$ cat run33.txt   # compact mmCIF, C-alpha atoms
# COMPACT_ATOMS: atom_id res chain seq x y z
CA MET A 1458 -2.99 0.33 17.78
CA LYS A 1459 -3.96 -3.18 16.68
CA THR A 1460 -1.94 -4.57 13.78
CA PHE A 1461 -3.93 -6.31 11.07
CA LEU A 1462 -1.14 -7.71 8.91
CA THR A 1463 2.57 -8.36 9.25
CA ALA A 1464 4.84 -9.71 6.52
CA ARG A 1465 8.08 -9.21 4.70
CA TRP A 1466 8.11 -7.34 1.41
CA GLU A 1467 11.31 -8.15 -0.46
CA ASN A 1468 12.95 -7.27 -3.78
CA LEU A 1469 10.43 -4.66 -4.86
CA VAL A 1470 10.79 -3.79 -8.55
CA MET A 1471 8.99 -0.66 -9.72
CA ALA A 1472 8.82 0.41 -13.36
CA ASN A 1473 7.58 3.99 -13.36
CA TYR A 1474 5.71 5.59 -16.26
CA GLU A 1475 4.68 9.18 -16.74
CA VAL A 1476 0.95 9.38 -17.50
CA PRO A 1477 -1.52 12.20 -18.21
CA ALA A 1478 -3.27 13.23 -15.02
CA GLU A 1479 -6.70 12.85 -16.64
CA VAL A 1480 -6.12 9.10 -17.07
CA LEU A 1481 -5.92 8.71 -13.30
CA GLN A 1482 -8.74 11.04 -12.26
CA PRO A 1483 -11.51 8.38 -12.50
CA TYR A 1484 -9.61 6.20 -10.01
CA LEU A 1485 -9.21 8.91 -7.36
CA PRO A 1486 -11.15 8.36 -4.12
CA ASN A 1487 -13.08 11.38 -2.84
CA GLY A 1488 -10.99 13.83 -0.84
CA ILE A 1489 -7.73 12.65 -2.41
CA GLU A 1490 -5.60 14.47 -4.98
CA LEU A 1491 -2.80 13.38 -7.26
CA ASP A 1492 0.77 13.67 -6.03
CA PHE A 1493 3.31 14.83 -8.60
CA PHE A 1494 7.07 14.51 -9.00
CA GLU A 1495 8.54 17.50 -10.80
CA GLY A 1496 5.07 18.28 -12.12
CA LYS A 1497 4.48 14.79 -13.52
CA ALA A 1498 1.99 12.08 -12.56
CA PHE A 1499 3.23 8.49 -12.46
CA VAL A 1500 1.97 4.94 -12.38
CA SER A 1501 4.23 2.11 -11.29
CA LEU A 1502 4.17 -1.49 -12.46
CA VAL A 1503 5.32 -3.31 -9.33
CA GLY A 1504 6.56 -6.84 -8.69
CA PHE A 1505 7.73 -8.13 -5.31
CA MET A 1506 7.77 -11.05 -2.88
CA PHE A 1507 5.17 -11.13 -0.12
CA LYS A 1508 6.61 -13.42 2.58
CA ASN A 1509 5.72 -14.85 6.00
CA THR A 1510 2.30 -13.24 6.08
CA LYS A 1511 0.43 -13.15 9.38
CA LEU A 1512 -3.05 -11.83 10.16
CA PHE A 1513 -3.45 -10.63 13.73
CA LYS A 1514 -0.13 -12.42 14.47
CA ILE A 1515 -1.46 -15.76 13.18
CA PRO A 1516 0.51 -17.29 10.27
CA ILE A 1517 -1.44 -18.05 7.10
CA PRO A 1518 -0.89 -21.74 6.27
CA TYR A 1519 -0.08 -22.58 2.64
CA PHE A 1520 -0.76 -19.05 1.38
CA GLY A 1521 1.70 -16.94 3.39
CA THR A 1522 4.39 -16.46 0.73
CA PHE A 1523 3.69 -15.44 -2.86
CA GLU A 1524 4.46 -13.02 -5.66
CA GLU A 1525 2.41 -9.86 -6.02
CA VAL A 1526 2.21 -7.70 -9.12
CA ASN A 1527 0.29 -4.44 -9.06
CA LEU A 1528 -0.29 -1.17 -10.85
CA ARG A 1529 -0.44 1.84 -8.56
CA PHE A 1530 -0.30 5.62 -8.65
CA TYR A 1531 0.62 8.34 -6.19
CA VAL A 1532 -1.69 10.57 -4.21
CA LYS A 1533 -1.86 12.81 -1.19
CA ARG A 1534 -4.45 13.82 1.36
CA ILE A 1535 -4.26 17.19 3.07
CA HIS A 1536 -6.01 17.01 6.44
CA ASN A 1537 -5.63 19.38 9.41
CA ASN A 1538 -2.57 20.97 7.77
CA GLU A 1539 -0.90 17.54 7.48
CA ILE A 1540 0.08 16.10 4.11
CA LYS A 1541 -0.34 12.33 3.96
CA ARG A 1542 1.32 10.78 0.92
CA GLY A 1543 -0.07 7.48 -0.26
CA VAL A 1544 -0.97 5.23 -3.16
CA VAL A 1545 -4.08 3.99 -4.94
CA PHE A 1546 -4.02 0.55 -6.53
CA ILE A 1547 -5.62 0.11 -9.92
CA ASN A 1548 -5.11 -3.64 -9.76
CA GLU A 1549 -3.29 -6.13 -7.53
CA THR A 1550 -2.47 -9.63 -8.71
CA VAL A 1551 -1.69 -12.66 -6.53
CA PRO A 1552 -1.71 -16.41 -7.26
CA TYR A 1553 -4.17 -17.48 -4.54
CA LYS A 1554 -7.93 -16.93 -4.67
CA PRO A 1555 -8.34 -16.98 -0.85
CA VAL A 1556 -5.77 -14.17 -0.51
CA ALA A 1557 -7.51 -12.07 -3.17
CA TRP A 1558 -10.94 -12.68 -1.64
CA LEU A 1559 -9.79 -11.75 1.86
CA ALA A 1560 -8.05 -8.56 0.75
CA ASN A 1561 -11.06 -7.44 -1.27
CA LYS A 1562 -13.46 -8.28 1.54
CA LEU A 1563 -11.56 -6.61 4.37
CA TYR A 1564 -9.86 -3.75 2.55
CA GLN A 1565 -12.03 -3.04 -0.50
CA GLU A 1566 -8.96 -3.44 -2.71
CA ASN A 1567 -8.82 -4.54 -6.35
CA TYR A 1568 -7.18 -7.96 -6.08
CA VAL A 1569 -7.44 -10.68 -8.72
CA ALA A 1570 -6.00 -14.21 -8.60
CA ILE A 1571 -4.14 -15.47 -11.68
CA PRO A 1572 -1.08 -17.72 -12.14
CA THR A 1573 2.20 -16.10 -11.11
CA LYS A 1574 5.79 -17.21 -10.75
CA SER A 1575 9.13 -15.73 -9.78
CA LYS A 1576 12.82 -16.44 -10.08
CA ILE A 1577 15.51 -14.83 -7.96
CA GLU A 1578 19.19 -15.58 -8.58
CA MET A 1579 21.98 -14.22 -6.39
CA PHE A 1580 25.58 -13.86 -7.55
CA ALA A 1581 28.72 -12.45 -5.97
CA GLU A 1582 28.03 -8.82 -6.89
CA THR A 1583 24.69 -8.90 -8.73
CA LYS A 1584 21.24 -10.42 -8.64
CA GLU A 1585 18.59 -11.20 -11.25
CA LEU A 1586 14.87 -11.03 -10.53
CA ASN A 1587 11.93 -12.12 -12.64
CA TYR A 1588 8.24 -11.75 -11.81
CA SER A 1589 5.78 -13.29 -14.27
CA TRP A 1590 1.99 -13.47 -14.42
CA LYS A 1591 -0.37 -15.18 -16.85
CA ILE A 1592 -3.57 -13.69 -18.19
CA LYS A 1593 -5.62 -15.20 -21.03
CA ASN A 1594 -2.88 -17.72 -21.85
CA ARG A 1595 -0.22 -15.02 -22.14
CA TRP A 1596 2.71 -14.75 -19.76
CA ASN A 1597 3.76 -11.20 -18.87
CA GLN A 1598 6.97 -10.39 -17.04
CA ILE A 1599 9.17 -7.79 -15.46
CA GLN A 1600 12.81 -8.75 -15.12
CA VAL A 1601 15.78 -6.80 -13.78
CA LYS A 1602 19.48 -7.23 -13.24
CA ALA A 1603 20.94 -5.20 -10.39
CA TYR A 1604 24.02 -4.74 -8.26
CA ILE A 1605 23.76 -6.10 -4.73
CA GLU A 1606 25.44 -3.00 -3.29
CA ALA A 1607 22.87 -1.18 -1.14
CA LYS A 1608 22.28 2.53 -1.63
CA THR A 1609 20.50 5.05 0.57
CA MET A 1610 17.86 7.07 -1.24
CA MET A 1611 18.74 10.69 -1.90
CA ARG A 1612 16.37 13.37 -0.67
CA ASN A 1613 13.93 14.71 -3.25
CA SER A 1614 14.88 11.96 -5.71
CA ILE A 1615 12.56 9.85 -7.84
CA GLU A 1616 13.44 6.91 -5.56
CA GLU A 1617 12.24 8.80 -2.51
CA PHE A 1618 9.05 9.86 -4.27
CA ILE A 1619 8.20 6.33 -5.42
CA PHE A 1620 9.06 4.44 -2.24
CA GLU A 1621 8.18 6.93 0.52
CA HIS A 1622 4.39 6.81 0.40
CA TYR A 1623 3.06 5.26 3.60
CA TYR A 1624 -0.73 5.39 3.21
CA GLY A 1625 -3.17 3.43 1.09
CA TYR A 1626 -6.47 4.86 -0.14
CA THR A 1627 -9.52 3.02 -1.46
CA LYS A 1628 -13.03 3.85 -2.56
CA TYR A 1629 -15.75 2.59 -0.24
CA ASN A 1630 -19.20 3.19 -1.74
CA SER A 1631 -19.39 7.00 -1.95
CA GLN A 1632 -16.72 7.44 0.71
CA SER A 1633 -12.97 6.95 0.95
CA GLN A 1634 -10.86 4.90 3.33
CA GLU A 1635 -7.31 5.41 4.54
CA TYR A 1636 -4.93 2.86 6.06
CA LYS A 1637 -1.32 3.10 7.24
CA VAL A 1638 1.60 0.94 6.10
CA ASN A 1639 4.57 0.85 8.47
CA HIS A 1640 8.14 0.08 7.42
CA PRO A 1641 11.59 1.68 7.61
CA SER A 1642 13.05 3.62 4.72
CA TRP A 1643 14.34 1.07 2.23
CA GLN A 1644 17.78 0.59 0.73
CA THR A 1645 17.90 0.42 -3.06
CA ASN A 1646 19.98 -1.65 -5.49
CA PRO A 1647 21.18 -0.02 -8.73
CA ILE A 1648 19.64 -1.65 -11.82
CA PHE A 1649 21.83 -2.08 -14.90
CA ASP A 1650 19.43 -3.97 -17.18
CA TYR A 1651 15.71 -4.66 -17.38
CA THR A 1652 13.04 -6.28 -19.56
CA ILE A 1653 9.32 -5.49 -19.39
CA ASP A 1654 6.79 -7.51 -21.35
CA CYS A 1655 3.32 -6.47 -20.24
CA ASP A 1656 0.07 -6.12 -22.16
CA PHE A 1657 -1.22 -3.13 -20.20
CA SER A 1658 -4.46 -3.01 -22.16
CA LEU A 1659 -5.31 -6.64 -21.46
CA MET A 1660 -4.25 -6.40 -17.83
CA TYR A 1661 -5.45 -2.94 -16.79
CA GLY A 1662 -7.82 -1.62 -19.47
CA LYS A 1663 -7.78 0.24 -22.78
CA GLU A 1664 -6.95 3.55 -21.10
CA PHE A 1665 -3.49 2.15 -20.32
CA GLU A 1666 -2.82 0.70 -23.79
CA PHE A 1667 -0.41 3.55 -24.58
CA LEU A 1668 1.98 2.12 -21.99
CA ASN A 1669 2.59 -0.88 -24.27
CA THR A 1670 4.85 1.32 -26.39
CA SER A 1671 6.07 3.67 -23.65
CA ILE A 1672 9.57 3.65 -22.20
CA PRO A 1673 9.64 3.82 -18.39
CA HIS A 1674 10.83 7.05 -16.83
CA SER A 1675 12.77 4.87 -14.37
CA VAL A 1676 13.01 1.30 -13.12
CA LEU A 1677 13.91 0.94 -9.45
CA LEU A 1678 14.65 -1.86 -7.01
CA ALA A 1679 14.28 -1.71 -3.23
CA GLU A 1680 15.54 -4.42 -0.90
CA GLY A 1681 12.43 -4.23 1.27
CA SER A 1682 11.89 -5.09 4.94
CA ALA A 1683 9.37 -6.27 7.48
CA VAL A 1684 6.09 -4.36 7.15
CA SER A 1685 2.88 -4.01 9.11
CA ILE A 1686 -0.54 -2.63 8.27
CA ASP A 1687 -2.75 -1.11 10.95
CA TRP A 1688 -6.22 -2.55 11.45
CA LYS A 1689 -7.79 0.85 12.04
CA ARG A 1690 -9.05 2.58 8.92
CA LYS A 1691 -10.27 6.14 8.58
CA THR A 1692 -13.42 6.68 6.55
CA PHE A 1693 -14.20 10.13 5.18
$ encode --input "run33.txt" --output "structure tokens"
Amino acid sequence: MKTFLTARWENLVMANYEVPAEVLQPYLPNGIELDFFEGKAFVSLVGFMFKNTKLFKIPIPYFGTFEEVNLRFYVKRIHNNEIKRGVVFINETVPYKPVAWLANKLYQENYVAIPTKSKIEMFAETKELNYSWKIKNRWNQIQVKAYIEAKTMMRNSIEEFIFEHYYGYTKYNSQSQEYKVNHPSWQTNPIFDYTIDCDFSLMYGKEFEFLNTSIPHSVLLAEGSAVSIDWKRKTF
């Protein structure tokens, strides 16, 4: 199968919030249902490094490495007795307008281009990560401190639920589209401190304003890996 995109996704921070299912229903593509962990629906505020991006094996000059921040939630599609677990993106933020335009054009995603920055500091046993993005003259950020020691995700854990979704789903007119993301199971790094400063209402809409005063259910960090996204998309 032809590969559309290859890259490295590194240092993926995910702050996970429990949300009422009815908040997410308007964002569901047709034929897709919410996926739950222990009966709860979640959104994740995500920050990570998108590195060495290639389209059809051709490097992207100038725009191949950048920060991405997104808000996503968890879904599944049951088709021919197979359960496909995936995500739907409410918003994806990158610093480059050409990247946002291309992703929206080819994949019908919800990318916007605004200023972003990141800082990654490595120490003997720990690391500190900061992803920041600016909207309407206000800098938002997600920052974590974590141990470098790599951990394997436990089965049926919140880590496995958050990180082990390998499909993306989007709305396409009155139909839905499905694409596959390929990567190995990731190692995680235990977080011992975090700071989140995000105006969810300004960034994602009034329906998410309640997250401004919510405490995350969990904040997780995955080391990441090389990834690829298949060109072929299923429309249904």
$ residues_around --input "run33.txt" --residues "range 1674-1685 of chain A" --least-positions-apart "6" --cutoff "10 Å" --atoms "all atoms listed in the file" --output "PDB file with C-alpha atoms, in the frame of the given file"
ATOM      1  CA  THR A1460      -1.940  -4.570  13.780  1.00  0.00           C
ATOM      2  CA  PHE A1461      -3.930  -6.310  11.070  1.00  0.00           C
ATOM      3  CA  LEU A1462      -1.140  -7.710   8.910  1.00  0.00           C
ATOM      4  CA  THR A1463       2.570  -8.360   9.250  1.00  0.00           C
ATOM      5  CA  ALA A1464       4.840  -9.710   6.520  1.00  0.00           C
ATOM      6  CA  ARG A1465       8.080  -9.210   4.700  1.00  0.00           C
ATOM      7  CA  TRP A1466       8.110  -7.340   1.410  1.00  0.00           C
ATOM      8  CA  GLU A1467      11.310  -8.150  -0.460  1.00  0.00           C
ATOM      9  CA  ASN A1468      12.950  -7.270  -3.780  1.00  0.00           C
ATOM     10  CA  LEU A1469      10.430  -4.660  -4.860  1.00  0.00           C
ATOM     11  CA  VAL A1470      10.790  -3.790  -8.550  1.00  0.00           C
ATOM     12  CA  MET A1471       8.990  -0.660  -9.720  1.00  0.00           C
ATOM     13  CA  ALA A1472       8.820   0.410 -13.360  1.00  0.00           C
ATOM     14  CA  ASN A1473       7.580   3.990 -13.360  1.00  0.00           C
ATOM     15  CA  TYR A1474       5.710   5.590 -16.260  1.00  0.00           C
ATOM     16  CA  GLU A1475       4.680   9.180 -16.740  1.00  0.00           C
ATOM     17  CA  PHE A1499       3.230   8.490 -12.460  1.00  0.00           C
ATOM     18  CA  SER A1501       4.230   2.110 -11.290  1.00  0.00           C
ATOM     19  CA  LEU A1502       4.170  -1.490 -12.460  1.00  0.00           C
ATOM     20  CA  VAL A1503       5.320  -3.310  -9.330  1.00  0.00           C
ATOM     21  CA  GLY A1504       6.560  -6.840  -8.690  1.00  0.00           C
ATOM     22  CA  PHE A1505       7.730  -8.130  -5.310  1.00  0.00           C
ATOM     23  CA  MET A1506       7.770 -11.050  -2.880  1.00  0.00           C
ATOM     24  CA  PHE A1507       5.170 -11.130  -0.120  1.00  0.00           C
ATOM     25  CA  LYS A1508       6.610 -13.420   2.580  1.00  0.00           C
ATOM     26  CA  ASN A1509       5.720 -14.850   6.000  1.00  0.00           C
ATOM     27  CA  THR A1510       2.300 -13.240   6.080  1.00  0.00           C
ATOM     28  CA  LYS A1511       0.430 -13.150   9.380  1.00  0.00           C
ATOM     29  CA  LEU A1512      -3.050 -11.830  10.160  1.00  0.00           C
ATOM     30  CA  LEU A1586      14.870 -11.030 -10.530  1.00  0.00           C
ATOM     31  CA  VAL A1601      15.780  -6.800 -13.780  1.00  0.00           C
ATOM     32  CA  LYS A1602      19.480  -7.230 -13.240  1.00  0.00           C
ATOM     33  CA  ALA A1603      20.940  -5.200 -10.390  1.00  0.00           C
ATOM     34  CA  TYR A1604      24.020  -4.740  -8.260  1.00  0.00           C
ATOM     35  CA  ILE A1605      23.760  -6.100  -4.730  1.00  0.00           C
ATOM     36  CA  ALA A1607      22.870  -1.180  -1.140  1.00  0.00           C
ATOM     37  CA  LYS A1608      22.280   2.530  -1.630  1.00  0.00           C
ATOM     38  CA  THR A1609      20.500   5.050   0.570  1.00  0.00           C
ATOM     39  CA  MET A1610      17.860   7.070  -1.240  1.00  0.00           C
ATOM     40  CA  ILE A1615      12.560   9.850  -7.840  1.00  0.00           C
ATOM     41  CA  GLU A1616      13.440   6.910  -5.560  1.00  0.00           C
ATOM     42  CA  ILE A1619       8.200   6.330  -5.420  1.00  0.00           C
ATOM     43  CA  PHE A1620       9.060   4.440  -2.240  1.00  0.00           C
ATOM     44  CA  LYS A1637      -1.320   3.100   7.240  1.00  0.00           C
ATOM     45  CA  VAL A1638       1.600   0.940   6.100  1.00  0.00           C
ATOM     46  CA  ASN A1639       4.570   0.850   8.470  1.00  0.00           C
ATOM     47  CA  HIS A1640       8.140   0.080   7.420  1.00  0.00           C
ATOM     48  CA  PRO A1641      11.590   1.680   7.610  1.00  0.00           C
ATOM     49  CA  SER A1642      13.050   3.620   4.720  1.00  0.00           C
ATOM     50  CA  TRP A1643      14.340   1.070   2.230  1.00  0.00           C
ATOM     51  CA  GLN A1644      17.780   0.590   0.730  1.00  0.00           C
ATOM     52  CA  THR A1645      17.900   0.420  -3.060  1.00  0.00           C
ATOM     53  CA  ASN A1646      19.980  -1.650  -5.490  1.00  0.00           C
ATOM     54  CA  PRO A1647      21.180  -0.020  -8.730  1.00  0.00           C
ATOM     55  CA  ILE A1648      19.640  -1.650 -11.820  1.00  0.00           C
ATOM     56  CA  PHE A1649      21.830  -2.080 -14.900  1.00  0.00           C
ATOM     57  CA  ASP A1650      19.430  -3.970 -17.180  1.00  0.00           C
ATOM     58  CA  TYR A1651      15.710  -4.660 -17.380  1.00  0.00           C
ATOM     59  CA  THR A1652      13.040  -6.280 -19.560  1.00  0.00           C
ATOM     60  CA  ILE A1653       9.320  -5.490 -19.390  1.00  0.00           C
TER      61      ILE A1653
END
$ residues_around --input "run33.txt" --residues "Ile1489 in chain A" --least-positions-apart "3" --cutoff "8 Å" --atoms "all atoms listed in the file" --output "tab-separated table (two decimals) with C-alpha atoms, keeping the file's coordinate frame"
chain	number	residue	atom	x	y	z
A	1485	LEU	CA	-9.21	8.91	-7.36
A	1486	PRO	CA	-11.15	8.36	-4.12
A	1532	VAL	CA	-1.69	10.57	-4.21
A	1533	LYS	CA	-1.86	12.81	-1.19
A	1534	ARG	CA	-4.45	13.82	1.36
A	1535	ILE	CA	-4.26	17.19	3.07
$ closest_residue --input "run33.txt" --among "A:Asn1527, A:Asn1613, A:Asn1594, A:Gln1600" --to "Lys1576 in chain A" --atoms "all atoms listed in the file"
A:Gln1600
$ residues_around --input "run33.txt" --residues "Ala1557 in chain A" --least-positions-apart "3" --cutoff "10 Å" --atoms "only C-alpha atoms" --output "PyMOL selection string"
chain A and resi 1549-1554+1560-1562+1566-1571
$ atom_distance --input "run33.txt" --atom1 "CA of Glu1617 in chain A" --atom2 "CA of Glu1490 in chain A"
18.9 Å
$ atom_distance --input "run33.txt" --atom1 "CA of Pro1673 in chain A" --atom2 "CA of Ile1577 in chain A"
22.2 Å
$ atom_distance --input "run33.txt" --atom1 "CA of Phe1523 in chain A" --atom2 "CA of Lys1574 in chain A"
8.4 Å
$ closest_residue --input "run33.txt" --among "A:Thr1692, A:Asn1537, A:Asn1487, A:Thr1522" --to "Gln1634 in chain A" --atoms "all atoms listed in the file"
A:Thr1692
$ residues_near_point --input "run33.txt" --point "(-8.4, 6.8, -22.3)" --cutoff "12 Å" --atoms "only C-alpha atoms" --output "list in words"
Val1476, Pro1477, Ala1478, Glu1479, Val1480, Leu1481, Gln1482, Pro1483, Ser1658, Tyr1661, Gly1662, Lys1663, Glu1664, Phe1665, Glu1666, Phe1667 and Leu1668 of chain A
$ closest_residue --input "run33.txt" --among "A:Ala1581, A:Val1545, A:Ala1498, A:Ile1540" --to "Gln1565 in chain A" --atoms "all atoms listed in the file"
A:Val1545
$ closest_residue --input "run33.txt" --among "A:Asp1654, A:Asn1597, A:Pro1518, A:Tyr1531" --to "Phe1493 in chain A" --atoms "only C-alpha atoms"
A:Tyr1531
$ closest_residue --input "run33.txt" --among "A:Lys1459, A:Lys1541, A:Lys1691, A:Arg1529" --to "Tyr1636 in chain A" --atoms "only C-alpha atoms"
A:Lys1691
$ closest_residue --input "run33.txt" --among "A:Tyr1629, A:Trp1596, A:Tyr1624, A:Phe1693" --to "Leu1659 in chain A" --atoms "only C-alpha atoms"
A:Trp1596
$ build_atoms --input "run33.txt" --residues "range 1544-1559 of chain A" --atoms "N, CA and C atoms" --output "JSON list (two decimals), in the frame of the given file"
[["chain", "number", "residue", "atom", "x", "y", "z"],
["A", 1544, "VAL", "N", -0.79, 5.84, -1.84],
["A", 1544, "VAL", "CA", -0.97, 5.23, -3.16],
["A", 1544, "VAL", "C", -2.40, 4.75, -3.31],
["A", 1545, "VAL", "N", -2.82, 4.63, -4.56],
["A", 1545, "VAL", "CA", -4.08, 3.99, -4.94],
["A", 1545, "VAL", "C", -3.73, 2.87, -5.90],
["A", 1546, "PHE", "N", -4.29, 1.70, -5.67],
["A", 1546, "PHE", "CA", -4.02, 0.55, -6.53],
["A", 1546, "PHE", "C", -5.11, 0.42, -7.59],
["A", 1547, "ILE", "N", -4.70, 0.36, -8.83],
["A", 1547, "ILE", "CA", -5.62, 0.11, -9.92],
["A", 1547, "ILE", "C", -5.94, -1.38, -10.00],
["A", 1548, "ASN", "N", -4.94, -2.19, -9.73],
["A", 1548, "ASN", "CA", -5.11, -3.64, -9.76],
["A", 1548, "ASN", "C", -3.98, -4.27, -8.96],
["A", 1549, "GLU", "N", -4.29, -5.35, -8.25],
["A", 1549, "GLU", "CA", -3.29, -6.13, -7.53],
["A", 1549, "GLU", "C", -3.50, -7.60, -7.86],
["A", 1550, "THR", "N", -2.41, -8.26, -8.23],
["A", 1550, "THR", "CA", -2.47, -9.63, -8.71],
["A", 1550, "THR", "C", -1.69, -10.55, -7.79],
["A", 1551, "VAL", "N", -2.32, -11.63, -7.36],
["A", 1551, "VAL", "CA", -1.69, -12.66, -6.53],
["A", 1551, "VAL", "C", -2.10, -14.02, -7.08],
["A", 1552, "PRO", "N", -1.39, -15.09, -6.70],
["A", 1552, "PRO", "CA", -1.71, -16.41, -7.26],
["A", 1552, "PRO", "C", -2.83, -17.16, -6.54],
["A", 1553, "TYR", "N", -3.24, -16.69, -5.36],
["A", 1553, "TYR", "CA", -4.17, -17.48, -4.54],
["A", 1553, "TYR", "C", -5.52, -16.79, -4.41],
["A", 1554, "LYS", "N", -6.59, -17.49, -4.76],
["A", 1554, "LYS", "CA", -7.93, -16.93, -4.67],
["A", 1554, "LYS", "C", -8.32, -16.56, -3.23],
["A", 1555, "PRO", "N", -7.97, -17.38, -2.21],
["A", 1555, "PRO", "CA", -8.34, -16.98, -0.85],
["A", 1555, "PRO", "C", -7.69, -15.66, -0.42],
["A", 1556, "VAL", "N", -6.45, -15.42, -0.85],
["A", 1556, "VAL", "CA", -5.77, -14.17, -0.51],
["A", 1556, "VAL", "C", -6.48, -13.00, -1.17],
["A", 1557, "ALA", "N", -6.81, -13.14, -2.46],
["A", 1557, "ALA", "CA", -7.51, -12.07, -3.17],
["A", 1557, "ALA", "C", -8.87, -11.80, -2.55],
["A", 1558, "TRP", "N", -9.61, -12.85, -2.23],
["A", 1558, "TRP", "CA", -10.94, -12.68, -1.64],
["A", 1558, "TRP", "C", -10.86, -11.95, -0.31],
["A", 1559, "LEU", "N", -9.91, -12.35, 0.54],
["A", 1559, "LEU", "CA", -9.79, -11.75, 1.86],
["A", 1559, "LEU", "C", -9.42, -10.28, 1.77]]
